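Visitor: What follows is final_30.txt, compact mmCIF, C-alpha atoms.
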# COMPACT_ATOMS: atom_id res chain seq x y z
CA MET A 1 27.42 -10.67 14.04
CA ASN A 2 24.33 -8.52 14.57
CA ILE A 3 21.99 -8.21 17.57
CA LEU A 4 19.97 -11.33 16.78
CA GLY A 5 22.82 -13.18 15.15
CA GLU A 6 22.81 -13.84 11.42
CA THR A 7 22.42 -17.59 11.84
CA SER A 8 19.40 -17.21 14.12
CA LEU A 9 17.68 -14.94 11.57
CA LYS A 10 18.22 -17.49 8.81
CA ALA A 11 16.84 -20.24 11.02
CA LEU A 12 13.85 -18.09 11.97
CA PHE A 13 12.84 -17.27 8.40
CA SER A 14 13.56 -20.70 6.95
CA ARG A 15 10.56 -22.12 8.83
CA PRO A 16 7.42 -21.54 6.75
CA LEU A 17 4.99 -21.45 9.70
CA ILE A 18 6.89 -18.59 11.30
CA ALA A 19 7.13 -16.72 7.98
CA VAL A 20 3.38 -17.10 7.40
CA SER A 21 2.69 -15.97 10.97
CA TYR A 22 4.74 -12.81 10.40
CA PHE A 23 2.88 -12.19 7.15
CA ILE A 24 -0.53 -12.59 8.83
CA PHE A 25 0.56 -10.25 11.63
CA ALA A 26 1.72 -7.65 9.09
CA MET A 27 -1.57 -7.88 7.17
CA MET A 28 -3.47 -7.35 10.42
CA LEU A 29 -1.56 -4.10 10.98
CA ILE A 30 -2.71 -2.54 7.70
CA PRO A 31 -6.33 -1.85 8.76
CA LEU A 32 -5.03 -0.65 12.12
CA ASN A 33 -2.80 1.84 10.28
CA ASP A 34 -5.78 3.04 8.21
CA ALA A 35 -7.92 3.47 11.33
CA PHE A 36 -5.20 5.51 13.06
CA ILE A 37 -4.90 7.74 10.01
CA LYS A 38 -8.68 8.24 9.96
CA ILE A 39 -8.60 9.24 13.64
CA MET A 40 -5.55 11.50 13.25
CA SER A 41 -6.97 13.25 10.17
CA SER A 42 -9.32 15.22 12.39
CA SER A 43 -6.42 16.95 14.17
CA LEU A 44 -3.40 16.73 11.83
CA SER A 45 -2.95 17.55 8.17
CA ILE A 46 -2.51 14.69 5.74
CA PHE A 47 1.04 15.85 5.03
CA GLU A 48 1.95 15.74 8.73
CA ILE A 49 0.49 12.24 8.98
CA MET A 50 2.39 11.08 5.90
CA GLY A 51 5.62 12.62 7.23
CA LEU A 52 5.24 10.89 10.60
CA ARG A 53 4.37 7.60 8.92
CA SER A 54 7.40 7.86 6.64
CA LEU A 55 9.74 8.68 9.53
CA PHE A 56 8.42 5.71 11.50
CA SER A 57 8.78 3.39 8.50
CA SER A 58 12.32 4.62 7.82
CA ALA A 59 13.26 4.04 11.45
CA MET A 60 11.87 0.50 11.27
CA VAL A 61 13.90 -0.25 8.12
CA LEU A 62 17.07 1.07 9.74
CA LEU A 63 16.58 -1.37 12.62
CA ILE A 64 17.22 -4.22 10.19
CA PRO A 65 20.87 -5.17 10.52
CA GLY A 66 22.89 -4.07 7.47
CA ALA A 67 20.00 -2.14 5.86
CA LEU A 68 21.79 1.22 5.77
CA ILE A 69 24.99 -0.31 4.37
CA SER A 70 22.97 -2.09 1.69
CA LEU A 71 21.15 1.12 0.77
CA LEU A 72 24.39 3.07 0.47
CA SER A 73 25.93 0.44 -1.81
CA LEU A 74 23.20 0.61 -4.49
CA ASP A 75 24.11 1.71 -8.01
CA LEU A 76 22.66 4.89 -9.56
CA LYS A 77 20.13 3.11 -11.79
CA THR A 78 18.66 1.26 -8.80
CA VAL A 79 18.55 4.47 -6.74
CA VAL A 80 16.67 6.29 -9.53
CA THR A 81 14.27 3.36 -9.91
CA LEU A 82 13.63 3.30 -6.16
CA PHE A 83 13.14 7.08 -6.15
CA VAL A 84 10.50 6.88 -8.90
CA ARG A 85 8.82 3.99 -7.10
CA SER A 86 8.86 6.00 -3.86
CA ILE A 87 7.20 8.97 -5.57
CA CYS A 88 4.49 6.64 -6.88
CA LEU A 89 4.00 5.24 -3.37
CA VAL A 90 3.74 8.73 -1.86
CA MET A 91 1.11 9.67 -4.46
CA ALA A 92 -0.81 6.45 -3.75
CA MET A 93 -0.74 7.21 -0.02
CA LEU A 94 -1.85 10.77 -0.65
CA PHE A 95 -4.79 9.69 -2.81
CA PHE A 96 -5.78 7.13 -0.17
CA PHE A 97 -5.37 9.34 2.91
CA LEU A 98 -7.03 12.50 1.56
CA PRO A 99 -10.50 10.93 1.22
CA LEU A 100 -10.20 9.39 4.70
CA ALA A 101 -10.93 12.81 6.16
CA THR A 102 -14.41 12.91 4.58
CA LEU A 103 -15.32 9.32 3.66
CA SER A 104 -15.69 6.25 5.82
CA LEU A 105 -12.80 3.84 6.08
CA ALA A 106 -14.86 1.12 4.37
CA GLU A 107 -15.71 3.33 1.39
CA THR A 108 -12.13 4.54 0.98
CA THR A 109 -10.74 1.02 1.17
CA ALA A 110 -13.28 -0.29 -1.33
CA ILE A 111 -12.46 2.49 -3.78
CA PHE A 112 -8.73 1.87 -3.30
CA PHE A 113 -9.31 -1.70 -4.47
CA THR A 114 -9.58 -0.26 -7.98
CA ALA A 115 -5.76 -0.26 -7.99
CA PRO A 116 -5.47 -3.89 -9.19
CA LEU A 117 -8.05 -3.11 -11.86
CA LEU A 118 -6.08 -0.11 -13.09
CA ILE A 119 -2.81 -2.03 -12.92
CA SER A 120 -4.30 -4.83 -15.02
CA LEU A 121 -5.63 -2.40 -17.60
CA LEU A 122 -2.46 -0.30 -17.76
CA SER A 123 -0.23 -3.38 -18.03
CA VAL A 124 -1.43 -3.87 -21.61
CA PRO A 125 -0.22 -0.57 -23.13
CA LEU A 126 2.70 0.05 -20.75
CA LEU A 127 4.17 -3.43 -20.37
CA GLY A 128 2.79 -5.27 -23.37
CA GLU A 129 0.98 -7.81 -21.18
CA LYS A 130 -1.93 -9.80 -22.52
CA LEU A 131 -5.14 -10.04 -20.53
CA GLY A 132 -6.84 -13.38 -20.82
CA ILE A 133 -10.56 -13.90 -20.56
CA TYR A 134 -10.36 -14.70 -16.83
CA ARG A 135 -8.46 -11.50 -16.05
CA ILE A 136 -10.84 -9.42 -18.13
CA PHE A 137 -13.76 -11.03 -16.30
CA ALA A 138 -12.09 -10.31 -12.93
CA VAL A 139 -11.50 -6.65 -13.89
CA ILE A 140 -15.13 -6.23 -14.98
CA THR A 141 -16.42 -7.93 -11.82
CA GLY A 142 -14.21 -5.75 -9.62
CA MET A 143 -15.34 -2.60 -11.38
CA ILE A 144 -18.98 -3.58 -10.91
CA GLY A 145 -18.27 -3.98 -7.18
CA VAL A 146 -16.72 -0.53 -6.98
CA LEU A 147 -19.66 1.01 -8.88
CA ILE A 148 -22.10 -0.62 -6.43
CA ILE A 149 -20.25 1.03 -3.54
CA VAL A 150 -19.68 4.43 -5.15
CA GLN A 151 -23.11 4.69 -6.83
CA PRO A 152 -22.25 7.40 -9.36
CA GLY A 153 -25.19 9.53 -10.46
CA THR A 154 -26.93 9.35 -7.09
CA ASP A 155 -27.05 11.88 -4.26
CA ARG A 156 -24.62 9.68 -2.26
CA PHE A 157 -21.83 10.39 -4.76
CA GLN A 158 -19.15 12.76 -3.45
CA THR A 159 -16.20 14.36 -5.18
CA ALA A 160 -13.88 12.62 -2.67
CA TYR A 161 -14.73 9.36 -4.47
CA ILE A 162 -12.78 10.58 -7.50
Take the structure in the file and give it back as structure tokens.

Guide:
Amino acid sequence: MNILGETSLKALFSRPLIAVSYFIFAMMLIPLNDAFIKIMSSSLSIFEIMGLRSLFSSAMVLLIPGALISLLSLDLKTVVTLFVRSICLVMAMLFFFLPLATLSLAETTAIFFTAPLLISLLSVPLLGEKLGIYRIFAVITGMIGVLIIVQPGTDRFQTAYI
């Protein structure tokens, strides 16, 4: 039996309203995280910020009952897959946090929304997915939105946008 009790956790997460409330709360924390990183980037290096963020996240995961035991019982293939995924996540964080030092939070967030566009486009050659007309239209519309914000070819364009 863990701190909260296994049965109480199951009861807590089996109620959809509570699960949705937790999800909404978690989504509200994301912009707060970005704002803190923007503020901290004036006094700490991006690598220090990423290290602190990773330590905090790891500590939060280890608070989940049984998380460490579950991690230690993973097979090698899963560990390698998680490692590669972690490297991709670190690179994504790096490419999001670096521009925060020079660009506004709104600009950086808008540019980061190109990720779903790139994922959609790369899913065709890498995963063999097929993009339907609606997805293609959504990718084009999203890219137009990013181009409106970035305004390449104007004096507003900065190398941090890249």

Visitor: So, with only C-alpha atoms as the atoms that count, which of A:Met27, A:Met50, A:Ala160, A:Ile144 lies closest to Leu89 in chain A?

Guide: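 For Leu89 in chain A, the nearest of the candidates is A:Met50.
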
Visitor: Can you work out the spacing between CA of Leu105 in chain A and CA of Ile37 in chain A in Å, to one decimal?

Guide: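 Going from CA of Leu105 in chain A over to CA of Ile37 in chain A, I get 9.6 Å.
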
Visitor: Considering all atoms listed in the file, give me a table of residues in range 12-104 of chain A that are at most 7 Å from range 108-115 of chain A, with the closest atom pair and distance in Å for each, as CSV.

Guide:
residue,atom,partner,partner_atom,distance
A:Phe96,CA,A:Phe112,CA,6.8
A:Pro99,CA,A:Thr108,CA,6.6
A:Leu100,CA,A:Thr108,CA,6.4
A:Leu103,CA,A:Thr108,CA,6.3
A:Ser104,CA,A:Thr108,CA,6.2

Visitor: Output C-alpha atoms for every residue in that selection, as a CSV table (one decimal), keeping the file's coordinate frame.

Guide:
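The result, written out as result24.csv:
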chain,number,residue,atom,x,y,z
A,96,PHE,CA,-5.8,7.1,-0.2
A,99,PRO,CA,-10.5,10.9,1.2
A,100,LEU,CA,-10.2,9.4,4.7
A,103,LEU,CA,-15.3,9.3,3.7
A,104,SER,CA,-15.7,6.2,5.8

Visitor: Could you give me the axis-aligned bounding box of range 27-38 of chain A, with 5 Å of padding per side, as centre plus edge lengths in Å to one decimal, as AutoDock Vina command-line options?

Guide:
--center_x -5.1 --center_y 0.2 --center_z 10.1 --size_x 17.1 --size_y 26.1 --size_z 15.9

Visitor: For CA of Phe36 in chain A and CA of Ala92 in chain A, quote the distance in Å rounded to one decimal.

Guide: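 Answer for the CA of Phe36 in chain A to CA of Ala92 in chain A separation: 17.4 Å.
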
Visitor: Have a look at CA of Arg135 in chain A and CA of Val150 in chain A and let me know their distance in Å, one decimal.

Guide: 22.3 Å

Visitor: Between A:Val80, A:Ala26, A:Ala101, A:Met91, single out the one closest to Ser42 in chain A, counting only C-alpha atoms.

Guide: A:Ala101

Visitor: Counting all atoms listed in the file, figure out which residue out of A:Thr78, A:Thr102, A:Asn33, A:Ser70 gets nearest to Ser57 in chain A.

Guide: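 Comparing A:Thr78, A:Thr102, A:Asn33, A:Ser70 against Ser57 in chain A, the winner is A:Asn33.
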